[in-house]
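See structure below.
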Amino acid sequence: MKAEMILLEIVPGLILGILAGAAAVRVFNLLPWKWLCDYGEQPAERGNEVAKARRLTSVEAERITRSLVDPHFRRIKENPWRWVYGAGFSCLWIKLIMEGGLQTLNIQYAAGALVCCWGLLLIGLADLKYMIIPDQLLLVIAVAGAGLLPLHIATVRCFRKETAFPTELSGLSDGAAAALWVLAGAAIGILLMLLVGGLGRLIARGGRKEDSPPALGGGDLKLYGVLGFCVGVPGIVFVFLLSSLTAGLDGAIALAGGRAGRKSPRPLGPHICGAAMVYIFAIWPLLFEI
C-alpha cells in the first residue's frame, strides 16, 4: 500500500513537471513580439534599448530584434532547458505532495504553486532577455493566486492558533480574513516598490542629474502587486528582502567586473521571481499544517 501511495505521488509529479518544462520553453519561444515590447514600441527599438543597457554591439542588437520577429528563431534552446525546467517543476510537485500526502488542500497548493512558478519562470526569462514584464503573464500569476485562496485560509487559521493574528480582525470569518490578507499583501507589495522608487528620487536630487538611478519600472510595480495578492503579507515581505539582497549583490558584481555602469539599468524581475519561487517552494509550507 505504501509503495502504491508513493507511485501516486511521484509519477504524476514527474509527468506534470516534464510537461510544464517543455511547455515553458515552447510558449516562451512563441510569445508574440508585442508582449515583449513596451506599448507602441517596435522590435528594433526594444532590441536597441536592451543592447544599450547591456553595452552590446549593433550586431547583437539586431540579433535581439530578430529573436522577437522571426518565428523560426529559438529564444531559448529546447535542449537542455526543457529538461532542466522539467526537473525543477517535478521536484516542486513531488516535494509538496510528499510532505502533505494526497489531501485536497495539499493537492490544490501543489497545483497552484506549479502554475505560479511556471508563470514566474516566463516572467523572469522575459525580463532577463528583453527587460520587460508582460502584463499577459502577470494574469497567470493572478489566476494562480486566486486558486491559492484556500491556502491563505489555512494560514489564517494557523496564525489564530498561535495567537499571532491581529485582534482587530478576530471577529471576521476565516474566508473574509484571508481575503483581507491577500489584499493587504498586494497593497504592501506596491507600497514597498513605491518606497524604493521614492528613495531613488531623493538620492537623485542630492546628486547630478546624469548620475540619477534608473526610474522604477512599472512592470516591477505590477509584479509586486500581483505577487502580494498571491503569497500574502509575510510572503511579499520575504520576497522583497531576498530579491533586494540578490539584486544588490548582482549589481555590485556587475559593476566591479565592468559589465555595467552606475547608470546601467539591471532587470529586477529575475530576482523577484526567484525569491518568490524560494518562498513558495520552501518557506510557505512551514507556516501552516498541510
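The way I read the labels, and the way they are meant: chains A, B, ... in the order of the C-alpha cells, residue 1 as the first residue of every chain, and ligand 1 as the first ligand shown, with later ones counted on from there.
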
- Polymer residues at most 8 Å from Gly228 in chain A, only C-alpha atoms, same-chain spacing of 5 or more positions, as a count of residues only: 11

- Item | Leu68 in chain A surroundings by only C-alpha atoms, 6 Å radius, close-in-sequence under 2 positions cut, as an NGL selection string | :A and (33 or 65-66)

Kindly save the residues from that selection, with all heavy atoms included, as a PDB file, in the first residue's frame.
```pdb
ATOM      1  N   TRP A  33       5.617  39.152 -30.296  1.00  0.00           N
ATOM      2  CA  TRP A  33       6.631  40.170 -30.023  1.00  0.00           C
ATOM      3  C   TRP A  33       6.037  41.375 -29.308  1.00  0.00           C
ATOM      4  O   TRP A  33       6.726  42.045 -28.529  1.00  0.00           O
ATOM      5  CB  TRP A  33       7.330  40.608 -31.305  1.00  0.00           C
ATOM      6  CG  TRP A  33       6.477  41.320 -32.323  1.00  0.00           C
ATOM      7  CD1 TRP A  33       5.877  40.773 -33.410  1.00  0.00           C
ATOM      8  CD2 TRP A  33       6.148  42.718 -32.361  1.00  0.00           C
ATOM      9  NE1 TRP A  33       5.191  41.726 -34.115  1.00  0.00           N
ATOM     10  CE2 TRP A  33       5.341  42.934 -33.500  1.00  0.00           C
ATOM     11  CE3 TRP A  33       6.465  43.813 -31.545  1.00  0.00           C
ATOM     12  CZ2 TRP A  33       4.834  44.191 -33.839  1.00  0.00           C
ATOM     13  CZ3 TRP A  33       5.970  45.063 -31.885  1.00  0.00           C
ATOM     14  CH2 TRP A  33       5.168  45.254 -33.005  1.00  0.00           C
ATOM     15  N   THR A  65      16.559  41.811 -31.939  1.00  0.00           N
ATOM     16  CA  THR A  65      15.390  42.177 -32.733  1.00  0.00           C
ATOM     17  C   THR A  65      14.875  40.985 -33.532  1.00  0.00           C
ATOM     18  O   THR A  65      13.667  40.726 -33.598  1.00  0.00           O
ATOM     19  CB  THR A  65      15.748  43.325 -33.698  1.00  0.00           C
ATOM     20  OG1 THR A  65      16.199  44.451 -32.943  1.00  0.00           O
ATOM     21  CG2 THR A  65      14.541  43.722 -34.527  1.00  0.00           C
ATOM     22  N   ARG A  66      15.795  40.238 -34.128  1.00  0.00           N
ATOM     23  CA  ARG A  66      15.388  39.056 -34.906  1.00  0.00           C
ATOM     24  C   ARG A  66      14.699  38.029 -34.026  1.00  0.00           C
ATOM     25  O   ARG A  66      13.734  37.382 -34.446  1.00  0.00           O
ATOM     26  CB  ARG A  66      16.619  38.447 -35.573  1.00  0.00           C
ATOM     27  CG  ARG A  66      16.275  37.246 -36.459  1.00  0.00           C
ATOM     28  CD  ARG A  66      17.501  36.480 -36.877  1.00  0.00           C
ATOM     29  NE  ARG A  66      17.150  35.174 -37.397  1.00  0.00           N
ATOM     30  CZ  ARG A  66      17.990  34.159 -37.496  1.00  0.00           C
ATOM     31  NH1 ARG A  66      19.257  34.294 -37.102  1.00  0.00           N
ATOM     32  NH2 ARG A  66      17.594  32.998 -37.984  1.00  0.00           N
TER      33      ARG A  66
END
```

- Item | Contacts of Pro80 in chain A within 12 Å, only C-alpha atoms, excl. fewer than 4 positions in-chain, as a VMD selection string | chain A and resid 21 to 22 25 76 84 to 87

Selection to disk with all heavy atoms, as a tab-separated table (two decimals), in the first residue's frame:
```tsv
chain	number	residue	atom	x	y	z
A	21	GLY	N	7.85	21.88	-18.04
A	21	GLY	CA	9.14	22.36	-18.53
A	21	GLY	C	9.15	22.53	-20.04
A	21	GLY	O	9.62	23.55	-20.57
A	22	ALA	N	8.62	21.53	-20.75
A	22	ALA	CA	8.56	21.62	-22.21
A	22	ALA	C	7.64	22.75	-22.65
A	22	ALA	O	7.95	23.49	-23.60
A	22	ALA	CB	8.08	20.29	-22.79
A	25	VAL	N	9.32	26.33	-22.30
A	25	VAL	CA	10.24	26.67	-23.40
A	25	VAL	C	9.47	26.95	-24.68
A	25	VAL	O	9.72	27.94	-25.38
A	25	VAL	CB	11.24	25.52	-23.62
A	25	VAL	CG1	12.10	25.79	-24.85
A	25	VAL	CG2	12.13	25.35	-22.39
A	76	ILE	N	14.97	30.47	-26.56
A	76	ILE	CA	15.58	29.55	-25.61
A	76	ILE	C	15.77	28.21	-26.32
A	76	ILE	O	14.86	27.74	-27.00
A	76	ILE	CB	14.69	29.32	-24.37
A	76	ILE	CG1	14.39	30.63	-23.67
A	76	ILE	CG2	15.35	28.37	-23.38
A	76	ILE	CD1	13.45	30.44	-22.50
A	84	VAL	N	15.82	20.75	-17.90
A	84	VAL	CA	16.22	21.43	-16.66
A	84	VAL	C	14.99	21.99	-15.97
A	84	VAL	O	14.78	21.79	-14.75
A	84	VAL	CB	17.22	22.57	-16.98
A	84	VAL	CG1	17.50	23.39	-15.71
A	84	VAL	CG2	18.52	21.99	-17.52
A	85	TYR	N	14.14	22.71	-16.71
A	85	TYR	CA	12.93	23.27	-16.11
A	85	TYR	C	11.97	22.17	-15.68
A	85	TYR	O	11.32	22.26	-14.63
A	85	TYR	CB	12.23	24.21	-17.10
A	85	TYR	CG	13.06	25.40	-17.51
A	85	TYR	CD1	12.91	25.97	-18.78
A	85	TYR	CD2	14.00	25.96	-16.65
A	85	TYR	CE1	13.66	27.06	-19.17
A	85	TYR	CE2	14.76	27.05	-17.04
A	85	TYR	CZ	14.59	27.60	-18.30
A	85	TYR	OH	15.34	28.67	-18.68
A	86	GLY	N	11.89	21.11	-16.49
A	86	GLY	CA	11.02	19.99	-16.13
A	86	GLY	C	11.45	19.33	-14.83
A	86	GLY	O	10.61	18.97	-14.00
A	87	ALA	N	12.76	19.19	-14.64
A	87	ALA	CA	13.26	18.62	-13.39
A	87	ALA	C	12.89	19.50	-12.20
A	87	ALA	O	12.50	19.01	-11.14
A	87	ALA	CB	14.77	18.43	-13.47
```

- Item | Atomic separation - CA of Lys77 in chain A relative to CA of Phe28 in chain A, Å | 10.5 Å

- Task: Would you mind telling me which residue in A:Lys222, A:Arg266, A:Arg82, A:Lys34 lies nearest to Leu194 in chain A when using only C-alpha atoms?
- Result: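 That would be A:Lys222, the residue with the smallest distance to Leu194 in chain A.
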
- Task: Can you list, as number ranges by chain, all residues belonging to range 18-197 of chain A that DSSP tags as helix (DSSP H, G or I)?
- Result: A: 18-30, 33-36, 43-54, 58-69, 78-100, 104-130, 135-147, 149-161, 167-169, 174-197

- Message: So that I can check the surroundings of range 69-74 of chain A, please list as number ranges by chain every protein, DNA and RNA residue that reaches within 12 Å of it, counting only C-alpha atoms and ignoring chain neighbours fewer than 4 positions away.
- Response: A: 25-37, 42-44, 46-47, 62-65, 78-79, 81

Residues of the last selection are to be written out with C-alpha atoms, as a tab-separated table (two decimals), in the first residue's frame.
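File selection_7.tsv, as written:
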```tsv
chain	number	residue	atom	x	y	z
A	25	VAL	CA	10.24	26.67	-23.40
A	26	ARG	CA	7.71	26.26	-26.20
A	27	VAL	CA	5.44	29.06	-25.01
A	28	PHE	CA	8.29	31.49	-24.42
A	29	ASN	CA	9.66	30.86	-27.92
A	30	LEU	CA	6.21	31.57	-29.40
A	31	LEU	CA	5.22	34.63	-27.37
A	32	PRO	CA	4.02	37.46	-29.66
A	33	TRP	CA	6.63	40.17	-30.02
A	34	LYS	CA	4.12	42.77	-28.85
A	35	TRP	CA	4.07	41.08	-25.44
A	36	LEU	CA	7.83	41.59	-25.17
A	37	CYS	CA	7.86	45.28	-26.12
A	42	GLN	CA	8.69	48.32	-32.31
A	43	PRO	CA	11.02	45.26	-32.09
A	44	ALA	CA	14.01	47.24	-33.38
A	46	ARG	CA	13.37	47.10	-27.97
A	47	GLY	CA	16.49	45.48	-29.39
A	62	GLU	CA	19.94	43.06	-34.49
A	63	ARG	CA	20.05	39.52	-33.10
A	64	ILE	CA	17.75	40.53	-30.25
A	65	THR	CA	15.39	42.18	-32.73
A	78	GLU	CA	14.83	23.36	-26.17
A	79	ASN	CA	17.75	21.19	-25.09
A	81	TRP	CA	16.36	23.75	-20.90
```

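Atom pair CA of Pro267 in chain A / CA of Leu137 in chain A has a distance of 16.4 Å (rounded to one decimal).
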
- Task: Find, counting only C-alpha atoms, the residue in A:Val143, A:Ala254, A:Ala111, A:Met131 that gets nearest to Ala51 in chain A.
- Result: A:Met131

- Query: Please, what distance in Å, to one decimal, runs between CA of Gly112 in chain A and CA of Asp135 in chain A?
  - Reply: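 For CA of Gly112 in chain A relative to CA of Asp135 in chain A, the distance reads 19.2 Å.
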